[in-house]
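Here's protein_24.txt, which has compact mmCIF, C-alpha atoms and all ligand atoms:
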```
# COMPACT_ATOMS: atom_id res chain seq x y z
CA MET R 24 -106.11 299.10 -39.83
CA LYS R 25 -104.56 300.83 -36.82
CA THR R 26 -103.49 304.43 -37.45
CA LYS R 27 -99.75 304.88 -37.28
CA PRO R 28 -98.19 307.86 -35.53
CA PRO R 29 -96.90 310.66 -37.76
CA LEU R 30 -93.39 310.14 -39.05
CA LYS R 31 -91.31 313.07 -37.88
CA ILE R 32 -87.72 313.97 -37.21
CA GLN R 33 -86.80 312.95 -33.68
CA THR R 34 -85.32 315.71 -31.55
CA THR R 35 -84.24 313.80 -28.46
CA THR R 36 -82.01 310.77 -27.98
CA LEU R 37 -84.99 308.54 -27.12
CA TRP R 38 -86.72 307.27 -30.25
CA GLU R 39 -90.03 305.49 -30.07
CA TYR R 40 -92.35 304.52 -32.89
CA PRO R 41 -94.73 301.70 -32.11
CA SER R 42 -94.53 300.08 -35.53
CA GLN R 43 -91.88 298.45 -37.67
CA HIS R 44 -92.94 300.40 -40.77
CA TYR R 45 -94.04 303.95 -41.48
CA GLY R 46 -96.90 305.00 -43.75
CA ALA R 47 -99.25 302.70 -45.64
CA GLU R 48 -96.42 300.76 -47.31
CA VAL R 49 -93.95 298.23 -45.91
CA GLN R 50 -90.22 298.95 -46.00
CA GLY R 51 -88.10 295.81 -46.11
CA ASP R 52 -90.09 292.67 -45.30
CA LYS R 53 -92.42 292.41 -42.32
CA GLU R 54 -91.89 288.66 -42.15
CA TYR R 55 -88.11 289.00 -41.93
CA ALA R 56 -86.87 288.21 -38.42
CA GLY R 57 -84.42 290.88 -37.35
CA ALA R 58 -85.53 293.68 -39.70
CA THR R 59 -84.61 297.23 -38.69
CA PRO R 60 -87.53 299.54 -37.84
CA SER R 61 -87.75 301.71 -40.95
CA TYR R 62 -88.40 304.94 -39.01
CA VAL R 63 -84.87 304.65 -37.58
CA ILE R 64 -83.33 304.70 -41.06
CA TRP R 65 -85.77 307.42 -42.21
CA ASN R 66 -84.68 309.68 -39.35
CA LEU R 67 -81.00 309.11 -40.09
CA LEU R 68 -81.34 309.78 -43.81
CA GLN R 69 -83.36 312.93 -43.17
CA ARG R 70 -80.65 314.33 -40.94
CA TYR R 71 -77.42 313.11 -42.53
CA THR R 72 -78.08 312.84 -46.26
CA ARG R 73 -79.38 314.94 -49.14
CA PRO R 74 -81.40 313.89 -52.21
CA GLY R 75 -79.15 312.09 -54.69
CA ASP R 76 -76.64 310.98 -52.02
CA LEU R 77 -75.36 307.41 -52.11
CA VAL R 78 -76.37 305.29 -49.10
CA VAL R 79 -74.84 301.84 -48.46
CA ASP R 80 -76.09 299.06 -46.20
CA PRO R 81 -73.43 296.30 -46.06
CA MET R 82 -75.70 293.91 -44.08
CA CYS R 83 -78.92 294.74 -45.85
CA GLY R 84 -81.17 291.86 -44.72
CA SER R 85 -84.69 292.38 -46.07
CA GLY R 86 -83.75 295.66 -47.76
CA THR R 87 -85.30 298.20 -45.38
CA THR R 88 -82.50 300.69 -46.05
CA LEU R 89 -83.00 300.42 -49.82
CA ASP R 90 -86.72 301.12 -49.57
CA VAL R 91 -86.34 304.08 -47.21
CA ALA R 92 -83.52 305.55 -49.31
CA ARG R 93 -85.62 305.31 -52.46
CA ASP R 94 -88.64 306.86 -50.69
CA LEU R 95 -86.43 309.83 -49.90
CA GLY R 96 -84.81 310.15 -53.33
CA ARG R 97 -81.40 308.88 -52.23
CA ARG R 98 -79.42 306.33 -54.26
CA ALA R 99 -78.76 303.10 -52.39
CA LEU R 100 -76.68 299.92 -52.56
CA GLY R 101 -77.35 296.88 -50.41
CA TYR R 102 -75.06 293.93 -49.71
CA ASP R 103 -75.57 290.74 -47.70
CA VAL R 104 -74.06 287.23 -47.59
CA ALA R 105 -77.63 285.93 -47.91
CA PRO R 106 -79.55 288.37 -50.13
CA HIS R 107 -83.25 288.35 -49.40
CA ARG R 108 -84.23 289.93 -52.73
CA GLU R 109 -82.84 290.65 -56.18
CA ASP R 110 -81.62 294.20 -55.66
CA ILE R 111 -79.25 293.10 -52.86
CA PHE R 112 -75.79 291.88 -53.92
CA ARG R 113 -74.25 288.74 -52.42
CA VAL R 114 -71.18 290.22 -50.76
CA ASP R 115 -69.32 289.81 -47.48
CA ALA R 116 -69.48 293.11 -45.59
CA ARG R 117 -65.83 292.61 -44.65
CA LYS R 118 -64.81 293.16 -48.28
CA LEU R 119 -67.06 295.57 -50.12
CA PRO R 120 -66.78 295.98 -53.90
CA LEU R 121 -66.53 299.76 -53.71
CA GLU R 122 -63.70 302.24 -54.12
CA ASN R 123 -62.47 304.33 -51.20
CA GLU R 124 -64.52 307.38 -50.22
CA LYS R 125 -67.42 306.96 -52.65
CA VAL R 126 -70.33 306.82 -50.23
CA ASP R 127 -72.32 309.52 -48.43
CA PHE R 128 -73.86 307.44 -45.64
CA VAL R 129 -73.48 303.89 -44.28
CA PHE R 130 -76.09 302.14 -42.17
CA VAL R 131 -75.26 298.84 -40.44
CA ASP R 132 -77.57 296.60 -38.41
CA PRO R 133 -75.45 293.50 -37.75
CA PRO R 134 -76.40 290.18 -36.12
CA TYR R 135 -76.19 290.49 -32.34
CA SER R 136 -74.58 287.17 -31.46
CA THR R 137 -76.22 283.86 -32.41
CA HIS R 138 -79.89 284.52 -31.56
CA LEU R 139 -81.18 284.29 -35.15
CA GLU R 140 -80.31 281.83 -37.90
CA TYR R 141 -80.00 284.15 -40.90
CA SER R 142 -78.59 281.68 -43.44
CA ASP R 143 -76.32 278.69 -43.97
CA ASP R 144 -73.56 280.87 -45.35
CA PRO R 145 -70.45 280.16 -43.24
CA ARG R 146 -69.44 283.84 -43.60
CA CYS R 147 -72.53 284.92 -41.61
CA ILE R 148 -71.39 286.87 -38.55
CA GLY R 149 -74.57 285.67 -36.83
CA LYS R 150 -72.77 282.33 -36.40
CA LEU R 151 -70.24 283.96 -34.09
CA ASP R 152 -71.01 284.20 -30.39
CA ALA R 153 -70.74 287.75 -29.07
CA LEU R 154 -68.89 286.34 -26.06
CA SER R 155 -66.08 285.36 -28.45
CA ARG R 156 -63.21 287.39 -29.77
CA GLU R 157 -64.10 286.25 -33.34
CA TYR R 158 -67.36 288.21 -33.33
CA TYR R 159 -65.57 291.50 -32.56
CA ASP R 160 -62.74 290.76 -34.99
CA ALA R 161 -65.35 290.22 -37.72
CA MET R 162 -67.25 293.37 -36.77
CA ASP R 163 -64.01 295.33 -36.68
CA GLN R 164 -63.51 294.42 -40.33
CA VAL R 165 -67.07 295.50 -41.20
CA ILE R 166 -66.55 298.83 -39.45
CA ARG R 167 -63.17 299.30 -41.12
CA GLU R 168 -64.75 298.72 -44.55
CA SER R 169 -67.52 301.19 -43.73
CA TYR R 170 -64.86 303.76 -42.87
CA ARG R 171 -62.95 303.07 -46.08
CA ILE R 172 -65.90 303.54 -48.45
CA LEU R 173 -67.32 306.60 -46.67
CA LYS R 174 -66.43 310.09 -47.90
CA ASP R 175 -64.62 312.32 -45.46
CA HIS R 176 -66.87 314.40 -43.17
CA ARG R 177 -69.81 312.10 -43.79
CA TYR R 178 -71.77 309.94 -41.34
CA MET R 179 -72.52 306.33 -40.54
CA ALA R 180 -74.79 304.67 -37.98
CA LEU R 181 -74.74 301.28 -36.32
CA TYR R 182 -77.86 299.83 -34.71
CA CYS R 183 -77.47 297.00 -32.20
CA SER R 184 -78.58 295.40 -28.97
CA ASP R 185 -76.83 293.67 -26.10
CA SER R 186 -77.27 289.96 -25.64
CA TRP R 187 -78.20 287.77 -22.72
CA GLN R 188 -78.84 284.04 -22.98
CA LYS R 189 -79.72 281.61 -20.22
CA LYS R 190 -76.69 279.97 -18.56
CA LYS R 191 -74.32 282.40 -20.27
CA PRO R 192 -72.72 285.64 -19.12
CA PHE R 193 -74.21 288.93 -20.30
CA ALA R 194 -72.64 290.21 -23.54
CA PRO R 195 -72.45 294.03 -23.59
CA ILE R 196 -72.32 294.16 -27.39
CA GLY R 197 -73.30 297.83 -27.54
CA PHE R 198 -70.41 299.15 -25.47
CA ARG R 199 -67.94 296.85 -27.19
CA LEU R 200 -69.02 297.77 -30.71
CA PHE R 201 -69.00 301.44 -29.74
CA SER R 202 -65.38 301.15 -28.64
CA LEU R 203 -64.53 299.59 -32.01
CA LEU R 204 -66.37 302.38 -33.84
CA GLU R 205 -64.46 305.00 -31.88
CA ARG R 206 -61.17 303.67 -33.21
CA TYR R 207 -62.19 304.94 -36.61
CA PHE R 208 -64.91 307.54 -36.24
CA GLN R 209 -65.77 310.61 -34.24
CA PRO R 210 -68.85 309.97 -32.07
CA VAL R 211 -71.77 312.24 -32.94
CA ASP R 212 -74.41 310.90 -30.58
CA ILE R 213 -75.93 307.80 -29.03
CA VAL R 214 -79.65 307.20 -29.34
CA THR R 215 -81.79 304.71 -27.45
CA VAL R 216 -84.43 303.12 -29.65
CA VAL R 217 -87.34 301.56 -27.80
CA ARG R 218 -88.75 298.58 -29.56
CA HIS R 219 -92.42 297.77 -29.34
CA ASN R 220 -92.29 294.27 -30.70
CA ARG R 221 -94.80 291.53 -30.10
CA THR R 222 -92.30 289.35 -28.21
CA LEU R 223 -92.05 291.88 -25.41
CA LYS R 224 -95.82 291.76 -24.95
CA ARG R 225 -95.87 288.03 -24.14
CA HIS R 226 -96.85 287.70 -20.52
CA HIS R 227 -94.92 284.49 -19.78
CA TYR R 228 -91.65 286.09 -20.92
CA HIS R 229 -92.05 288.64 -18.14
CA THR R 230 -92.98 286.04 -15.52
CA GLU R 231 -89.90 284.03 -16.47
CA ALA R 232 -87.66 287.12 -16.35
CA GLU R 233 -88.89 287.93 -12.87
CA LYS R 234 -88.54 284.35 -11.67
CA GLY R 235 -85.07 283.93 -13.16
CA ASN R 236 -83.98 287.43 -12.08
CA TYR R 237 -82.81 288.55 -15.51
CA PHE R 238 -83.91 291.30 -17.91
CA LEU R 239 -85.52 291.13 -21.33
CA ARG R 240 -83.96 293.40 -23.93
CA GLY R 241 -86.08 296.57 -23.99
CA PHE R 242 -84.01 298.89 -26.21
CA ASN R 243 -81.45 299.06 -28.98
CA TYR R 244 -78.48 301.38 -29.31
CA LEU R 245 -78.08 303.61 -32.30
CA PHE R 246 -74.52 304.89 -32.59
CA ILE R 247 -74.14 307.85 -34.92
CA MET R 248 -70.56 308.45 -36.03
CA LYS R 249 -68.68 310.84 -38.34
CA LYS R 250 -65.64 310.22 -40.49
CA GLU R 251 -62.89 312.77 -40.01
CA ALA R 252 -59.95 311.45 -41.97
CA PRO R 253 -56.73 311.85 -39.93
CA GLU R 254 -54.58 313.34 -42.68
CA ARG R 255 -57.05 316.18 -42.98
CA GLY R 256 -57.58 316.45 -39.22
CA LYS R 257 -56.84 319.71 -37.55
CA ASP R 258 -55.27 318.60 -34.28
CA SER R 259 -52.69 316.13 -33.10
CA GLU R 260 -55.30 313.95 -31.41
CA THR R 261 -56.91 313.25 -34.79
CA GLN R 262 -53.48 312.74 -36.36
CA GLN R 263 -52.77 309.94 -33.87
CA ARG R 264 -55.81 307.94 -35.02
CA SER R 265 -54.82 306.62 -38.39
CA PRO R 266 -56.91 303.47 -38.67
CA LEU R 267 -56.35 302.70 -42.32
CA GLN R 268 -52.61 303.20 -42.10
CA SER R 269 -51.66 301.36 -38.95
CA PRO R 270 -52.76 297.75 -38.43
CA GLU R 271 -51.97 297.95 -34.69
CA ARG R 272 -54.55 300.60 -33.96
CA THR R 273 -55.01 301.95 -30.49
CA PRO R 274 -58.42 303.17 -29.43
CA ARG R 275 -58.73 306.94 -29.12
CA SER R 276 -56.71 307.68 -26.04
CA HIS R 277 -58.17 307.93 -22.54
CA LYS R 278 -56.02 311.02 -22.21
CA SER R 279 -58.06 312.81 -24.85
CA ALA R 280 -61.32 311.61 -23.30
CA ARG R 281 -60.22 313.13 -19.98
CA ARG R 282 -59.29 316.36 -21.67
CA ARG R 283 -62.77 316.79 -23.08
CA ARG R 284 -64.53 316.50 -19.74
C1 LIG R 301 -80.09 292.31 -38.38
S1 LIG R 301 -80.04 291.69 -40.02
C2 LIG R 301 -80.18 293.14 -40.99
C3 LIG R 301 -81.59 293.62 -41.06
C4 LIG R 301 -81.85 294.65 -42.14
N1 LIG R 301 -81.34 295.96 -41.77
C5 LIG R 301 -83.34 294.73 -42.45
O1 LIG R 301 -83.97 295.74 -42.11
O2 LIG R 301 -83.88 293.75 -42.94
C6 LIG R 301 -78.34 291.25 -40.20
C7 LIG R 301 -77.96 290.80 -41.59
O3 LIG R 301 -76.53 290.64 -41.63
C8 LIG R 301 -76.26 289.67 -42.63
N2 LIG R 301 -74.87 289.25 -42.51
C9 LIG R 301 -74.30 288.45 -41.57
N3 LIG R 301 -72.98 288.30 -41.81
C10 LIG R 301 -72.69 289.04 -42.90
C11 LIG R 301 -71.50 289.30 -43.62
N4 LIG R 301 -70.33 288.77 -43.27
N5 LIG R 301 -71.58 290.13 -44.69
C12 LIG R 301 -72.77 290.67 -45.09
N6 LIG R 301 -73.94 290.44 -44.45
C13 LIG R 301 -73.90 289.65 -43.36
C14 LIG R 301 -77.30 288.60 -42.35
O4 LIG R 301 -77.45 287.74 -43.47
C15 LIG R 301 -78.54 289.46 -42.04
O5 LIG R 301 -79.28 289.64 -43.21
```

Could you spell out this file's structure in structure tokens?
Amino acid sequence: MKTKPPLKIQTTTLWEYPSQHYGAEVQGDKEYAGATPSYVIWNLLQRYTRPGDLVVDPMCGSGTTLDVARDLGRRALGYDVAPHREDIFRVDARKLPLENEKVDFVFVDPPYSTHLEYSDDPRCIGKLDALSREYYDAMDQVIRESYRILKDHRYMALYCSDSWQKKKPFAPIGFRLFSLLERYFQPVDIVTVVRHNRTLKRHHYHTEAEKGNYFLRGFNYLFIMKKEAPERGKDSETQQRSPLQSPERTPRSHKSARRRR
């Protein structure tokens, strides 16, 4: 068996770990297409949670978040429209069965457009093209639910990739989801996660990419966000963002972005 690199807290915004799983065990399911690299979740939980905290993954897939949380002594709840194992509840991430402000950390790794067939469930967001408005409307509801269940001053992270398919325009999913996240949360940081998956090693993929003058996806975004509830906010900028109260939300203003520079 190949030796895996040591699992350690990352200190820069470029995260690399040339394996899907850390240690001798497997977190989640190695056969599950679209599983999150477990070291990503491990790093997040090390930094943003404490033992005993409640972690929620509303799109839990093969259960990677549950396994990492349990390894680290955190409590965890996983939901998915197509549960892959018994400890994941069949729930639509757009309507979570949890009270407001009960959760210490939320991790979300959603479908990125229609690349993978996750299930036959018509509620699967992986059936929505990321070039369509419907995909972002659905993801807005997932993000809104994540905000609702999260305790104030606690963190969430969303892991995603952009999408490019032959004969279609490029879909900058990362930037678009980030702008949705910013309507609710305070940005903490943006990390680039370099994937070392087998697909990227296939020679003909690279020849085709060169011939067709397009790029293969080489990294994922990891957006780390913090909840700062507006009613408890200290300044007027925070008071203006009141996502749960006003249905016609406006993204955090460009004016405030300019002010920070
Ligand atoms: C990228 S996978 C998650 C991978 C997971 N983090 C893991 O490590 O295995 C995306 C998941 O979102 C789920 N999903 C899609 N639409 C959903 C919805 N409306 N509510 C809950 N889960 C959904 C899919 O069934 C799939 O399991």

### Task
Please identify the residues whose atoms come within 8 Å of ligand LIG 301 (chain R), using only C-alpha atoms and all ligand atoms, and report them as a VMD selection string.
chain R and resid 51 to 52 55 to 61 80 to 88 102 to 107 113 to 117 131 to 135 141 to 142 146 to 149 161 165

### Task
Please provide as number ranges by chain all residues within 10 Å of Thr72 in chain R, with the sequence filter that same-chain residues fewer than 2 positions apart are discarded (counting only C-alpha atoms).
R: 67-70, 74-78, 92, 95, 97, 127-128, 177-178

Nearby residues (only C-alpha atoms) at most 6 Å from Val126 in chain R, same-chain spacing under 6 positions excluded, as an mmCIF file with C-alpha atoms, in the frame of the given file:
```
data_model
loop_
_atom_site.group_PDB
_atom_site.id
_atom_site.type_symbol
_atom_site.label_atom_id
_atom_site.label_comp_id
_atom_site.auth_asym_id
_atom_site.auth_seq_id
_atom_site.Cartn_x
_atom_site.Cartn_y
_atom_site.Cartn_z
ATOM 1 C CA LEU R 77 -75.360 307.410 -52.110
ATOM 2 C CA ILE R 172 -65.900 303.540 -48.450
ATOM 3 C CA LEU R 173 -67.320 306.600 -46.670
ATOM 4 C CA LYS R 174 -66.430 310.090 -47.900
#
```

### Message
Between CA of Lys118 in chain R and CA of Gly197 in chain R, what distance in Å does the model show, to one decimal?
### Response
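Straight-line distance from CA of Lys118 in chain R to CA of Gly197 in chain R works out to 22.9 Å.
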
### Task
Work out how far CA of Asn243 in chain R is from CA of Lys190 in chain R, in Å to one decimal.
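Taking CA of Lys190 in chain R as the start and CA of Asn243 in chain R as the end point, the length is 22.3 Å.
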
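If you look at CA of Ile247 in chain R and CA of Ile213 in chain R, they are 6.2 Å away from each other.
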
### Task
Can you pull out every residue within 10 Å of Pro29 in chain R, counting only C-alpha atoms, but drop anything in the same chain fewer than 6 positions away, and send it as number ranges by chain?
R: 40, 45-46

### Task
Please provide the set of residues having any atom within 8 Å of range 229-241 of chain R, restricted to only C-alpha atoms, with same-chain residues fewer than 6 positions apart removed, written as a list in words.
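After dropping sequence-adjacent residues, the list is Ser184, Asp185, Ser186, Val217, Arg218 and Leu223 of chain R.
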
### Summary
For Ile64 in chain R, the closest of R:Asp175, R:Leu154, R:Leu245, R:Arg167 counting all atoms listed in the file is R:Leu245

### Task
In the coordinates of the file, take the point (-76.1, 280.8, -32.2) and a cut-off of 9 Å; then, counting all atoms listed in the file, name each qualifying protein, DNA or RNA residue as a list in words.
Ser136, Thr137, His138, Leu139, Glu140, Gly149, Lys150, Leu151 and Asp152 of chain R
